[in-house]
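File shown here: start_3.txt, holding compact mmCIF, C-alpha atoms.
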# COMPACT_ATOMS: atom_id res chain seq x y z
CA MET A 1 15.39 13.30 -21.53
CA GLY A 2 14.50 16.82 -20.50
CA LYS A 3 11.67 17.79 -18.24
CA VAL A 4 9.09 15.23 -17.21
CA GLN A 5 5.60 15.74 -18.56
CA ILE A 6 2.90 15.73 -15.89
CA ILE A 7 -0.69 14.89 -16.78
CA GLU A 8 -3.46 15.96 -14.41
CA ILE A 9 -6.04 13.34 -15.20
CA LYS A 10 -9.62 14.29 -16.05
CA LYS A 11 -12.54 12.49 -14.52
CA SER A 12 -13.39 9.25 -16.24
CA ILE A 13 -15.98 9.84 -18.93
CA TYR A 14 -16.79 6.23 -19.77
CA ALA A 15 -19.21 4.41 -17.52
CA ASN A 16 -18.23 1.00 -18.82
CA ASN A 17 -14.56 0.58 -17.97
CA ASP A 18 -14.31 -3.01 -19.21
CA MET A 19 -15.56 -2.05 -22.65
CA GLU A 20 -13.21 0.91 -22.79
CA ALA A 21 -10.29 -1.26 -21.66
CA GLY A 22 -11.02 -3.84 -24.35
CA LYS A 23 -11.11 -1.11 -26.96
CA LEU A 24 -7.79 0.34 -25.83
CA ARG A 25 -6.17 -3.11 -25.74
CA GLN A 26 -7.31 -3.74 -29.33
CA GLU A 27 -5.96 -0.37 -30.49
CA LEU A 28 -2.61 -1.06 -28.83
CA HIS A 29 -2.58 -4.49 -30.44
CA ASN A 30 -3.23 -2.95 -33.86
CA ARG A 31 -0.26 -0.63 -33.43
CA LYS A 32 1.89 -3.50 -32.04
CA SER A 33 2.34 -1.82 -28.68
CA PHE A 34 2.52 -4.15 -25.67
CA MET A 35 1.37 -2.51 -22.43
CA LEU A 36 2.38 -4.02 -19.08
CA ASN A 37 0.35 -2.96 -16.02
CA LEU A 38 2.72 -3.11 -13.04
CA MET A 39 1.17 -2.95 -9.58
CA SER A 40 2.28 -3.26 -5.93
CA SER A 41 2.27 -1.69 -2.48
CA PRO A 42 4.05 1.62 -2.02
CA GLY A 43 7.78 1.11 -1.74
CA SER A 44 8.05 -2.46 -3.03
CA GLY A 45 10.49 -1.36 -5.73
CA LYS A 46 8.36 -0.79 -8.83
CA THR A 47 10.50 1.99 -10.27
CA SER A 48 13.76 0.12 -9.59
CA LEU A 49 12.28 -2.93 -11.31
CA VAL A 50 11.23 -0.77 -14.25
CA LEU A 51 14.79 0.55 -14.52
CA ARG A 52 16.24 -2.98 -14.49
CA THR A 53 13.73 -4.07 -17.14
CA ILE A 54 14.67 -1.11 -19.32
CA GLU A 55 18.35 -1.99 -18.91
CA ALA A 56 17.67 -5.58 -20.02
CA LEU A 57 15.50 -4.79 -23.04
CA ARG A 58 16.29 -1.28 -24.33
CA ASN A 59 18.68 -2.49 -27.03
CA GLU A 60 16.01 -4.72 -28.56
CA MET A 61 12.84 -2.63 -28.45
CA SER A 62 11.48 0.87 -27.96
CA ILE A 63 10.20 1.44 -24.42
CA GLY A 64 8.05 4.13 -22.84
CA VAL A 65 6.97 4.47 -19.21
CA MET A 66 3.82 5.92 -17.68
CA GLU A 67 4.05 6.64 -13.96
CA ALA A 68 0.78 7.01 -12.03
CA ASP A 69 0.81 8.72 -8.64
CA ILE A 70 -1.31 10.88 -6.39
CA ASP A 71 1.43 13.48 -6.29
CA SER A 72 5.06 14.25 -7.23
CA ALA A 73 7.02 13.26 -10.33
CA VAL A 74 9.96 11.54 -8.62
CA ASP A 75 9.40 8.21 -10.37
CA ALA A 76 9.09 9.67 -13.87
CA GLU A 77 12.20 11.73 -13.22
CA ARG A 78 14.17 8.60 -12.31
CA VAL A 79 13.08 6.94 -15.56
CA ALA A 80 13.69 10.04 -17.68
CA SER A 81 17.19 10.33 -16.23
CA VAL A 82 18.22 7.15 -18.07
CA GLY A 83 16.98 8.56 -21.37
CA ILE A 84 13.64 6.74 -21.64
CA PRO A 85 10.45 8.66 -22.49
CA ALA A 86 8.46 8.96 -19.26
CA ILE A 87 5.26 10.69 -18.41
CA GLN A 88 3.82 11.23 -14.97
CA VAL A 89 0.07 10.86 -14.57
CA HIS A 90 -1.55 12.43 -11.51
CA THR A 91 -4.75 10.70 -10.50
CA GLY A 92 -6.38 13.61 -8.67
CA GLY A 93 -6.33 11.72 -5.37
CA MET A 94 -7.73 8.51 -6.81
CA CYS A 95 -6.12 5.22 -5.82
CA HIS A 96 -6.21 3.63 -9.28
CA LEU A 97 -6.09 4.28 -13.01
CA ASP A 98 -8.95 3.15 -15.23
CA ALA A 99 -8.84 2.59 -18.98
CA SER A 100 -9.90 6.10 -19.90
CA MET A 101 -7.27 7.66 -17.63
CA THR A 102 -4.66 5.31 -19.11
CA ARG A 103 -5.73 6.38 -22.61
CA GLN A 104 -5.10 10.02 -21.69
CA GLY A 105 -1.57 9.04 -20.64
CA ILE A 106 -0.91 7.06 -23.81
CA GLU A 107 -2.17 9.91 -25.98
CA ALA A 108 0.20 12.25 -24.15
CA MET A 109 3.08 9.92 -25.08
CA GLY A 110 2.65 10.97 -28.71
CA GLU A 111 2.06 9.34 -32.08
CA ASN A 112 5.13 7.12 -32.25
CA PRO A 113 4.09 3.66 -30.99
CA MET A 114 6.43 2.00 -28.48
CA ASP A 115 7.07 -1.75 -28.57
CA LEU A 116 6.69 -1.82 -24.81
CA ILE A 117 4.76 0.58 -22.60
CA ILE A 118 5.23 0.00 -18.89
CA LEU A 119 2.47 1.47 -16.75
CA GLU A 120 3.62 1.81 -13.16
CA ASN A 121 0.26 1.96 -11.44
CA VAL A 122 -0.54 3.75 -8.14
CA GLY A 123 1.12 2.11 -5.13
CA ASN A 124 -1.79 0.17 -3.75
CA LEU A 125 -2.74 -3.51 -3.34
CA ILE A 126 -6.48 -2.89 -3.43
CA CYS A 127 -7.95 -0.37 -5.87
CA PRO A 128 -5.89 -1.09 -9.02
CA ALA A 129 -6.83 -4.80 -8.85
CA SER A 130 -10.41 -3.95 -9.85
CA TYR A 131 -9.63 -1.87 -12.93
CA ASP A 132 -8.74 -3.27 -16.34
CA VAL A 133 -6.56 -0.57 -17.91
CA GLY A 134 -6.30 -2.20 -21.34
CA ALA A 135 -2.88 -3.76 -20.75
CA ALA A 136 -1.73 -6.87 -22.63
CA LYS A 137 -0.46 -8.42 -19.39
CA SER A 138 -0.29 -7.40 -15.76
CA ALA A 139 2.30 -8.04 -13.07
CA MET A 140 2.59 -7.30 -9.39
CA ILE A 141 5.52 -7.00 -7.04
CA LEU A 142 5.57 -8.38 -3.53
CA SER A 143 8.74 -7.34 -1.73
CA VAL A 144 10.29 -9.51 0.96
CA PRO A 145 10.02 -6.90 3.77
CA GLU A 146 6.22 -6.77 3.25
CA GLY A 147 5.84 -10.33 4.50
CA ASP A 148 4.64 -13.66 3.16
CA ASP A 149 1.06 -13.26 4.40
CA LYS A 150 0.03 -10.77 1.69
CA PRO A 151 -1.69 -13.30 -0.63
CA LEU A 152 -4.03 -14.08 2.28
CA LYS A 153 -4.88 -10.42 2.83
CA TYR A 154 -5.11 -9.16 -0.76
CA PRO A 155 -6.34 -12.18 -2.74
CA LEU A 156 -8.00 -10.12 -5.47
CA MET A 157 -4.72 -8.52 -6.53
CA PHE A 158 -2.90 -11.86 -6.57
CA SER A 159 -5.71 -13.38 -8.63
CA ALA A 160 -5.84 -10.49 -11.13
CA VAL A 161 -2.24 -10.60 -12.39
CA ASP A 162 -0.29 -12.80 -14.81
CA VAL A 163 3.05 -12.46 -13.04
CA LEU A 164 4.23 -12.16 -9.45
CA LEU A 165 7.69 -10.68 -8.93
CA ILE A 166 9.05 -11.41 -5.46
CA ASN A 167 11.47 -8.49 -5.06
CA LYS A 168 14.23 -7.59 -2.58
CA ILE A 169 15.34 -11.21 -2.29
CA ASP A 170 18.76 -9.78 -1.34
CA ALA A 171 17.12 -8.79 1.98
CA MET A 172 15.82 -12.31 2.66
CA HIS A 173 18.43 -12.97 5.36
CA ILE A 174 17.13 -10.27 7.68
CA PHE A 175 13.39 -10.84 7.19
CA ASP A 176 11.28 -13.81 8.16
CA PHE A 177 9.85 -14.54 4.69
CA ASP A 178 8.86 -18.00 3.50
CA VAL A 179 8.99 -18.10 -0.32
CA GLN A 180 7.55 -21.60 -0.42
CA ALA A 181 4.55 -20.47 1.65
CA VAL A 182 3.95 -17.60 -0.80
CA ARG A 183 4.16 -19.99 -3.76
CA GLU A 184 1.62 -22.32 -2.13
CA ARG A 185 -0.71 -19.47 -1.22
CA VAL A 186 -0.74 -17.95 -4.72
CA GLN A 187 -1.06 -21.39 -6.33
CA LYS A 188 -4.46 -21.73 -4.61
CA ILE A 189 -5.63 -18.28 -5.71
CA ASN A 190 -4.15 -18.20 -9.20
CA PRO A 191 -2.75 -21.52 -10.50
CA LYS A 192 -1.48 -20.01 -13.78
CA LEU A 193 0.52 -17.24 -12.06
CA GLN A 194 4.16 -16.97 -13.19
CA VAL A 195 6.45 -16.34 -10.22
CA PHE A 196 9.93 -14.77 -10.47
CA GLU A 197 12.27 -14.15 -7.57
CA VAL A 198 14.29 -11.00 -8.23
CA SER A 199 16.36 -8.27 -6.70
CA ALA A 200 16.05 -4.96 -8.53
CA LYS A 201 18.95 -3.81 -6.35
CA THR A 202 21.49 -6.49 -7.30
CA GLY A 203 19.99 -7.57 -10.63
CA ALA A 204 19.47 -11.16 -9.47
CA GLY A 205 16.70 -12.97 -11.35
CA ILE A 206 16.09 -10.09 -13.77
CA ASN A 207 17.14 -12.12 -16.82
CA ALA A 208 14.42 -14.74 -16.34
CA TRP A 209 11.82 -11.99 -15.97
CA ALA A 210 13.14 -10.13 -19.04
CA ASP A 211 13.04 -13.39 -21.03
CA TRP A 212 9.39 -13.86 -20.14
CA LEU A 213 8.54 -10.27 -21.07
CA ARG A 214 10.54 -10.40 -24.34
CA ASN A 215 8.63 -13.51 -25.32
CA GLU A 216 5.24 -11.97 -24.50
CA VAL A 217 6.04 -8.81 -26.47
CA SER A 218 7.07 -10.97 -29.41
CA ILE A 219 3.82 -12.99 -29.29
CA TRP A 220 1.80 -9.76 -29.02
CA LYS A 221 3.47 -8.26 -32.09
CA GLY A 222 2.67 -11.47 -34.02
CA MET B 1 -8.32 -15.83 23.76
CA GLY B 2 -10.35 -18.32 21.75
CA LYS B 3 -11.59 -17.86 18.24
CA VAL B 4 -11.31 -14.49 16.51
CA GLN B 5 -14.55 -12.71 15.81
CA ILE B 6 -14.98 -11.63 12.19
CA ILE B 7 -17.32 -8.78 11.28
CA GLU B 8 -18.52 -8.50 7.69
CA ILE B 9 -19.13 -4.76 7.51
CA LYS B 10 -22.43 -3.38 6.27
CA LYS B 11 -22.55 -0.55 3.81
CA SER B 12 -22.18 2.85 5.40
CA ILE B 13 -25.58 4.28 6.22
CA TYR B 14 -24.49 7.79 7.15
CA ALA B 15 -23.88 10.27 4.37
CA ASN B 16 -21.98 12.67 6.56
CA ASN B 17 -18.90 10.81 7.75
CA ASP B 18 -17.36 13.78 9.55
CA MET B 19 -20.47 14.29 11.66
CA GLU B 20 -20.67 10.60 12.44
CA ALA B 21 -16.95 10.52 13.33
CA GLY B 22 -17.34 13.48 15.68
CA LYS B 23 -20.27 11.77 17.38
CA LEU B 24 -18.33 8.53 17.85
CA ARG B 25 -15.29 10.41 19.20
CA GLN B 26 -17.50 12.15 21.75
CA GLU B 27 -19.10 8.88 22.84
CA LEU B 28 -15.68 7.27 23.26
CA HIS B 29 -14.54 10.30 25.23
CA ASN B 30 -17.56 10.01 27.52
CA ARG B 31 -16.71 6.39 28.27
CA LYS B 32 -12.98 7.26 28.63
CA SER B 33 -11.92 5.06 25.76
CA PHE B 34 -8.98 6.32 23.69
CA MET B 35 -9.02 5.09 20.09
CA LEU B 36 -5.82 5.18 18.03
CA ASN B 37 -6.19 4.94 14.24
CA LEU B 38 -3.04 3.22 12.95
CA MET B 39 -2.41 3.38 9.21
CA SER B 40 0.33 2.38 6.73
CA SER B 41 1.19 0.53 3.54
CA PRO B 42 0.73 -3.23 3.47
CA GLY B 43 3.61 -4.96 5.21
CA SER B 44 5.12 -2.01 7.05
CA GLY B 45 4.74 -3.79 10.38
CA LYS B 46 1.45 -2.54 11.83
CA THR B 47 0.59 -5.76 13.65
CA SER B 48 4.11 -6.19 15.02
CA LEU B 49 4.00 -2.60 16.26
CA VAL B 50 0.59 -3.25 17.86
CA LEU B 51 2.04 -6.28 19.66
CA ARG B 52 5.01 -4.24 20.97
CA THR B 53 2.62 -1.49 22.12
CA ILE B 54 0.48 -4.06 23.93
CA GLU B 55 3.60 -5.47 25.61
CA ALA B 56 4.61 -2.00 26.81
CA LEU B 57 1.21 -0.90 28.14
CA ARG B 58 -0.90 -3.96 29.03
CA ASN B 59 0.00 -3.87 32.73
CA GLU B 60 -1.27 -0.29 33.05
CA MET B 61 -4.45 -0.22 31.00
CA SER B 62 -7.08 -2.39 29.31
CA ILE B 63 -6.46 -2.73 25.57
CA GLY B 64 -8.58 -3.97 22.68
CA VAL B 65 -7.64 -4.25 19.02
CA MET B 66 -9.75 -3.91 15.87
CA GLU B 67 -8.13 -5.25 12.71
CA ALA B 68 -9.50 -4.04 9.36
CA ASP B 69 -8.74 -6.02 6.22
CA ILE B 70 -10.19 -6.97 2.87
CA ASP B 71 -9.81 -10.64 3.70
CA SER B 72 -8.33 -13.12 6.21
CA ALA B 73 -8.06 -12.90 10.00
CA VAL B 74 -4.32 -13.44 10.34
CA ASP B 75 -3.69 -10.13 12.10
CA ALA B 76 -6.49 -10.55 14.64
CA GLU B 77 -5.27 -14.09 15.32
CA ARG B 78 -1.75 -12.80 16.08
CA VAL B 79 -3.18 -10.29 18.57
CA ALA B 80 -5.61 -12.79 20.13
CA SER B 81 -2.74 -15.25 20.61
CA VAL B 82 -1.20 -12.94 23.24
CA GLY B 83 -4.47 -12.82 25.16
CA ILE B 84 -5.76 -9.43 24.02
CA PRO B 85 -9.38 -9.03 22.80
CA ALA B 86 -9.21 -8.70 19.02
CA ILE B 87 -11.85 -8.44 16.38
CA GLN B 88 -11.36 -8.67 12.65
CA VAL B 89 -13.41 -6.32 10.49
CA HIS B 90 -13.80 -7.21 6.82
CA THR B 91 -14.44 -4.18 4.64
CA GLY B 92 -16.19 -5.93 1.76
CA GLY B 93 -13.43 -5.01 -0.67
CA MET B 94 -13.26 -1.37 0.39
CA CYS B 95 -9.87 0.23 0.94
CA HIS B 96 -10.79 2.16 4.09
CA LEU B 97 -12.96 2.21 7.18
CA ASP B 98 -15.31 5.09 7.82
CA ALA B 99 -16.82 6.12 11.15
CA SER B 100 -19.95 4.05 10.79
CA MET B 101 -17.96 0.92 9.92
CA THR B 102 -15.69 1.60 12.89
CA ARG B 103 -18.75 1.93 15.13
CA GLN B 104 -19.92 -1.52 14.04
CA GLY B 105 -16.54 -2.91 15.09
CA ILE B 106 -16.59 -1.13 18.46
CA GLU B 107 -20.11 -2.35 19.18
CA ALA B 108 -18.94 -5.89 18.42
CA MET B 109 -16.21 -5.46 21.07
CA GLY B 110 -18.92 -5.45 23.74
CA GLU B 111 -20.10 -3.23 26.57
CA ASN B 112 -16.92 -3.13 28.64
CA PRO B 113 -15.02 0.05 27.62
CA MET B 114 -11.29 -0.37 26.97
CA ASP B 115 -8.82 2.32 28.05
CA LEU B 116 -7.12 1.95 24.68
CA ILE B 117 -8.63 0.72 21.42
CA ILE B 118 -6.10 0.29 18.62
CA LEU B 119 -7.66 0.30 15.17
CA GLU B 120 -5.28 -1.24 12.66
CA ASN B 121 -6.70 0.23 9.48
CA VAL B 122 -6.56 -1.32 5.97
CA GLY B 123 -3.02 -1.45 4.55
CA ASN B 124 -3.13 1.54 2.24
CA LEU B 125 -1.49 4.98 2.04
CA ILE B 126 -4.34 6.60 0.11
CA CYS B 127 -7.94 5.79 1.01
CA PRO B 128 -7.78 5.75 4.84
CA ALA B 129 -6.24 9.25 4.86
CA SER B 130 -9.56 10.73 3.76
CA TYR B 131 -11.78 9.14 6.40
CA ASP B 132 -12.13 10.36 9.97
CA VAL B 133 -13.01 7.22 11.93
CA GLY B 134 -13.65 8.98 15.24
CA ALA B 135 -10.25 8.22 16.74
CA ALA B 136 -8.69 10.41 19.45
CA LYS B 137 -5.35 10.36 17.62
CA SER B 138 -3.98 8.84 14.47
CA ALA B 139 -0.58 7.45 13.61
CA MET B 140 1.06 6.07 10.50
CA ILE B 141 4.00 3.77 9.97
CA LEU B 142 6.59 4.26 7.25
CA SER B 143 8.99 1.33 7.15
CA VAL B 144 12.59 1.75 6.04
CA PRO B 145 12.36 -0.67 3.06
CA GLU B 146 9.54 1.44 1.55
CA GLY B 147 11.91 4.32 0.91
CA ASP B 148 12.34 7.91 2.03
CA ASP B 149 10.36 9.38 -0.91
CA LYS B 150 6.95 8.41 0.44
CA PRO B 151 6.07 11.83 1.98
CA LEU B 152 6.45 13.27 -1.54
CA LYS B 153 4.10 10.70 -3.06
CA TYR B 154 1.44 10.42 -0.35
CA PRO B 155 1.34 13.90 1.21
CA LEU B 156 -2.29 13.64 2.34
CA MET B 157 -1.58 10.68 4.61
CA PHE B 158 1.47 12.37 6.13
CA SER B 159 -0.57 15.53 6.72
CA ALA B 160 -3.53 13.68 8.27
CA VAL B 161 -1.76 11.97 11.18
CA ASP B 162 -0.47 13.06 14.59
CA VAL B 163 2.42 10.60 14.71
CA LEU B 164 4.85 9.08 12.22
CA LEU B 165 6.55 5.86 13.29
CA ILE B 166 9.60 5.08 11.17
CA ASN B 167 9.74 1.29 11.55
CA LYS B 168 12.30 -1.41 10.71
CA ILE B 169 15.22 0.84 11.64
CA ASP B 170 17.12 -2.40 12.30
CA ALA B 171 17.18 -2.86 8.49
CA MET B 172 18.65 0.59 7.88
CA HIS B 173 22.10 -0.79 7.01
CA ILE B 174 20.88 -2.63 3.91
CA PHE B 175 18.51 0.02 2.54
CA ASP B 176 19.29 3.42 1.18
CA PHE B 177 17.02 5.41 3.53
CA ASP B 178 17.70 8.98 4.63
CA VAL B 179 15.92 9.62 7.95
CA GLN B 180 16.89 13.28 7.91
CA ALA B 181 15.34 13.71 4.45
CA VAL B 182 12.09 12.16 5.71
CA ARG B 183 12.07 14.47 8.72
CA GLU B 184 12.56 17.50 6.48
CA ARG B 185 9.88 16.37 4.04
CA VAL B 186 7.24 15.75 6.72
CA GLN B 187 8.15 18.98 8.50
CA LYS B 188 6.98 20.87 5.40
CA ILE B 189 3.71 18.94 5.15
CA ASN B 190 2.89 18.63 8.83
CA PRO B 191 4.99 20.75 11.20
CA LYS B 192 3.31 19.37 14.35
CA LEU B 193 3.95 15.73 13.44
CA GLN B 194 5.61 13.65 16.18
CA VAL B 195 8.25 11.34 14.72
CA PHE B 196 9.53 8.18 16.42
CA GLU B 197 12.18 5.84 15.05
CA VAL B 198 11.40 2.28 16.07
CA SER B 199 11.98 -1.35 15.36
CA ALA B 200 9.00 -3.53 16.18
CA LYS B 201 11.33 -6.48 15.61
CA THR B 202 14.03 -5.59 18.15
CA GLY B 203 11.97 -3.30 20.40
CA ALA B 204 14.24 -0.31 19.78
CA GLY B 205 12.50 3.03 20.28
CA ILE B 206 9.27 1.46 21.52
CA ASN B 207 9.55 3.04 24.98
CA ALA B 208 9.48 6.61 23.65
CA TRP B 209 6.40 5.79 21.54
CA ALA B 210 4.69 4.06 24.49
CA ASP B 211 5.46 7.09 26.69
CA TRP B 212 3.77 9.37 24.17
CA LEU B 213 0.72 7.10 23.92
CA ARG B 214 0.46 6.65 27.71
CA ASN B 215 0.46 10.42 28.14
CA GLU B 216 -2.21 10.92 25.44
CA VAL B 217 -4.46 8.25 26.97
CA SER B 218 -4.05 9.93 30.34
CA ILE B 219 -4.99 13.38 28.94
CA TRP B 220 -8.00 11.86 27.14
CA LYS B 221 -9.31 10.24 30.32
CA GLY B 222 -8.97 13.60 32.08
Show me the file's structure as structure tokens.
Amino acid sequence: MGKVQIIEIKKSIYANNDMEAGKLRQELHNRKSFMLNLMSSPGSGKTSLVLRTIEALRNEMSIGVMEADIDSAVDAERVASVGIPAIQVHTGGMCHLDASMTRQGIEAMGENPMDLIILENVGNLICPASYDVGAAKSAMILSVPEGDDKPLKYPLMFSAVDVLLINKIDAMHIFDFDVQAVRERVQKINPKLQVFEVSAKTGAGINAWADWLRNEVSIWKG
Amino acid sequence: MGKVQIIEIKKSIYANNDMEAGKLRQELHNRKSFMLNLMSSPGSGKTSLVLRTIEALRNEMSIGVMEADIDSAVDAERVASVGIPAIQVHTGGMCHLDASMTRQGIEAMGENPMDLIILENVGNLICPASYDVGAAKSAMILSVPEGDDKPLKYPLMFSAVDVLLINKIDAMHIFDFDVQAVRERVQKINPKLQVFEVSAKTGAGINAWADWLRNEVSIWKG
């Protein structure tokens, strides 16, 4: 546990992010480390979802978390408080991480390879969608209070991820949110998208998500 | 009413955004048009708040709305459906508007100056904070489901605005949100910040916000 490590990111030194991301992904594959890139709007429940995922999988695999933010270390502190290695990456005002910035974070996590590295990206539905960070798979959260129109407004993000987690389903009764409409909208943008309905607050739906992730980690490790 | 006009924004041609923003603000002042720059995360209720603001003020002043998004025209269509002139600006994938992009939108609104132009900026707590668009005043929404830690994570946005609207207070009973903590956090970042607690859904608190805006428009018109 202890104090959270904070990394002030240096400016990206690689012009070709895609190449750098591919290289990082291969290195992580070689060391049997599965990295998940988790993205969403601010306040959709990324850190709570990370904590639920840790709870579901920590007895089966080693897990590390990289939190990316403009400022503060509140998210990394929440993760560290449950005894999971967490580092906080500060992006220097930038609204995304790229592969080289992600590499700096992974290097700061130390030599011991984790089975699962969860990267909680900057809270943003736009910038992170354009940057391959070298993750094995990527997921996004759409929370019920944000509304069911988001796939129409941020199609790139919905097309760039492997998984959509619809979070805060416990709040469905007080918001006008049409799950079926979201499913139809994302189906058009990204037919292969896996969709899970969850509540990081109550734990509902977390098992199905953890099953998917467990299986992907297992495939990755070969 | 009729069909919503969609503007595909051209690349910014002015290097000095601050100078361009100052020029636009002066021009709007000369024609007695008050522009409000409204910012927030995706799904915090910007369009619903715009509709409540229209409802409160439309009998006293002429109002026009500029919606900025990556894609779709759903927001502009909601505004147009209540009979208010609305244009949709598409940012070409960019996560903010600058002053020159805003000018293109205002020019598309036509010759007739509005008393109040509401610019609903791109849903994002990072990029728009760095760009002066030439508005008379700027406001941001933080919605209750997003959490009370947002001033810690996005201090630039909270320091860049004149008003903070805490929205979705009707959902307070199901979220763990400490209004007093938010007030203390923003006080440190931005001591002059005006804070209103509202629900765009129920209409609670809208009158106090509309009173503030009415007064500012009146001062601006001189």
Atomic distance atom CA of B:Glu216 - atom CA of B:Gly64, expressed in Å with one decimal: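 Atom-to-atom, atom CA of B:Glu216 to atom CA of B:Gly64, that is 16.4 Å.
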At most 10 Å to chain A: residues in chain B, all atoms listed in the file, as an MDAnalysis selection string: chainID B and resid 40:45 69:75 93:95 122:127 130 142:156 168 170:171 174:175 201
Which residue of B:Arg183, B:Lys23, B:Lys46, B:His173 approaches B:Ala200 most closely, using all atoms listed in the file: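 Using all atoms listed in the file, B:Ala200 sits closest to B:Lys46.
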Top pick for closest residue to A:Asn30, considering A:Thr102, A:Gly222, A:Asn190, A:Glu111 and counting all atoms listed in the file: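 Looking only at the distances to A:Asn30, the closest residue turns out to be A:Gly222.
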Å distance separating atom CA of A:Arg25 from atom CA of A:Lys192, one decimal place: 21.2 Å
In file coordinates, which residues lie within 12 Å of (14.4, -2.4, -27.8) using only C-alpha atoms, given as an mmCIF file with C-alpha atoms, in the coordinates of the input?
data_model
loop_
_atom_site.group_PDB
_atom_site.id
_atom_site.type_symbol
_atom_site.label_atom_id
_atom_site.label_comp_id
_atom_site.auth_asym_id
_atom_site.auth_seq_id
_atom_site.Cartn_x
_atom_site.Cartn_y
_atom_site.Cartn_z
ATOM 1 C CA THR A 53 13.730 -4.070 -17.140
ATOM 2 C CA ILE A 54 14.670 -1.110 -19.320
ATOM 3 C CA GLU A 55 18.350 -1.990 -18.910
ATOM 4 C CA ALA A 56 17.670 -5.580 -20.020
ATOM 5 C CA LEU A 57 15.500 -4.790 -23.040
ATOM 6 C CA ARG A 58 16.290 -1.280 -24.330
ATOM 7 C CA ASN A 59 18.680 -2.490 -27.030
ATOM 8 C CA GLU A 60 16.010 -4.720 -28.560
ATOM 9 C CA MET A 61 12.840 -2.630 -28.450
ATOM 10 C CA SER A 62 11.480 0.870 -27.960
ATOM 11 C CA ILE A 63 10.200 1.440 -24.420
ATOM 12 C CA GLY A 64 8.050 4.130 -22.840
ATOM 13 C CA ILE A 84 13.640 6.740 -21.640
ATOM 14 C CA MET A 114 6.430 2.000 -28.480
ATOM 15 C CA ASP A 115 7.070 -1.750 -28.570
ATOM 16 C CA LEU A 116 6.690 -1.820 -24.810
ATOM 17 C CA ILE A 117 4.760 0.580 -22.600
ATOM 18 C CA ALA A 210 13.140 -10.130 -19.040
ATOM 19 C CA LEU A 213 8.540 -10.270 -21.070
ATOM 20 C CA ARG A 214 10.540 -10.400 -24.340
ATOM 21 C CA VAL A 217 6.040 -8.810 -26.470
ATOM 22 C CA SER A 218 7.070 -10.970 -29.410
#
Atomic distance atom CA of B:Ala139 - atom CA of B:Pro191, expressed in Å with one decimal: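 Atom CA of B:Ala139 sits 14.6 Å away from atom CA of B:Pro191.
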Nearest to B:Ile141 by atom-to-atom distance, counting all atoms listed in the file, from B:Glu20, B:Glu197, B:Asp178, B:Glu184: B:Glu197
Around all the atoms of stretch 139-148 of chain A listed in the file, draw an axis-aligned box and extend it by 3 Å on each of the six sides; I want its centre and edge lengths in Å to one decimal, as AutoDock Vina command-line options.
--center_x 6.3 --center_y -10.2 --center_z -4.3 --size_x 14.0 --size_y 12.9 --size_z 23.6
Residue completion, stretch 23-30 of chain A, N, CA, C and O atoms, as a short mmCIF file (atom, residue, chain, number, x, y, z; two decimals), in the frame of the given file:
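Done, and the output landed in result.cif:
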data_model
loop_
_atom_site.label_atom_id
_atom_site.label_comp_id
_atom_site.auth_asym_id
_atom_site.auth_seq_id
_atom_site.Cartn_x
_atom_site.Cartn_y
_atom_site.Cartn_z
N LYS A 23 -11.33 -1.94 -25.78
CA LYS A 23 -11.11 -1.11 -26.96
C LYS A 23 -9.66 -0.61 -27.01
O LYS A 23 -8.99 -0.67 -28.07
N LEU A 24 -9.17 -0.16 -25.89
CA LEU A 24 -7.79 0.34 -25.83
C LEU A 24 -6.79 -0.79 -26.10
O LEU A 24 -5.83 -0.61 -26.86
N ARG A 25 -7.05 -1.95 -25.53
CA ARG A 25 -6.17 -3.11 -25.74
C ARG A 25 -6.10 -3.45 -27.23
O ARG A 25 -5.05 -3.73 -27.78
N GLN A 26 -7.26 -3.42 -27.90
CA GLN A 26 -7.31 -3.74 -29.33
C GLN A 26 -6.53 -2.70 -30.14
O GLN A 26 -5.77 -3.05 -31.05
N GLU A 27 -6.69 -1.43 -29.79
CA GLU A 27 -5.96 -0.37 -30.49
C GLU A 27 -4.45 -0.54 -30.32
O GLU A 27 -3.68 -0.38 -31.27
N LEU A 28 -4.04 -0.86 -29.09
CA LEU A 28 -2.61 -1.06 -28.83
C LEU A 28 -2.10 -2.28 -29.59
O LEU A 28 -0.98 -2.29 -30.10
N HIS A 29 -2.94 -3.30 -29.69
CA HIS A 29 -2.58 -4.49 -30.44
C HIS A 29 -2.39 -4.15 -31.91
O HIS A 29 -1.40 -4.56 -32.54
N ASN A 30 -3.31 -3.35 -32.45
CA ASN A 30 -3.23 -2.95 -33.86
C ASN A 30 -1.94 -2.18 -34.15
O ASN A 30 -1.36 -2.33 -35.23
#
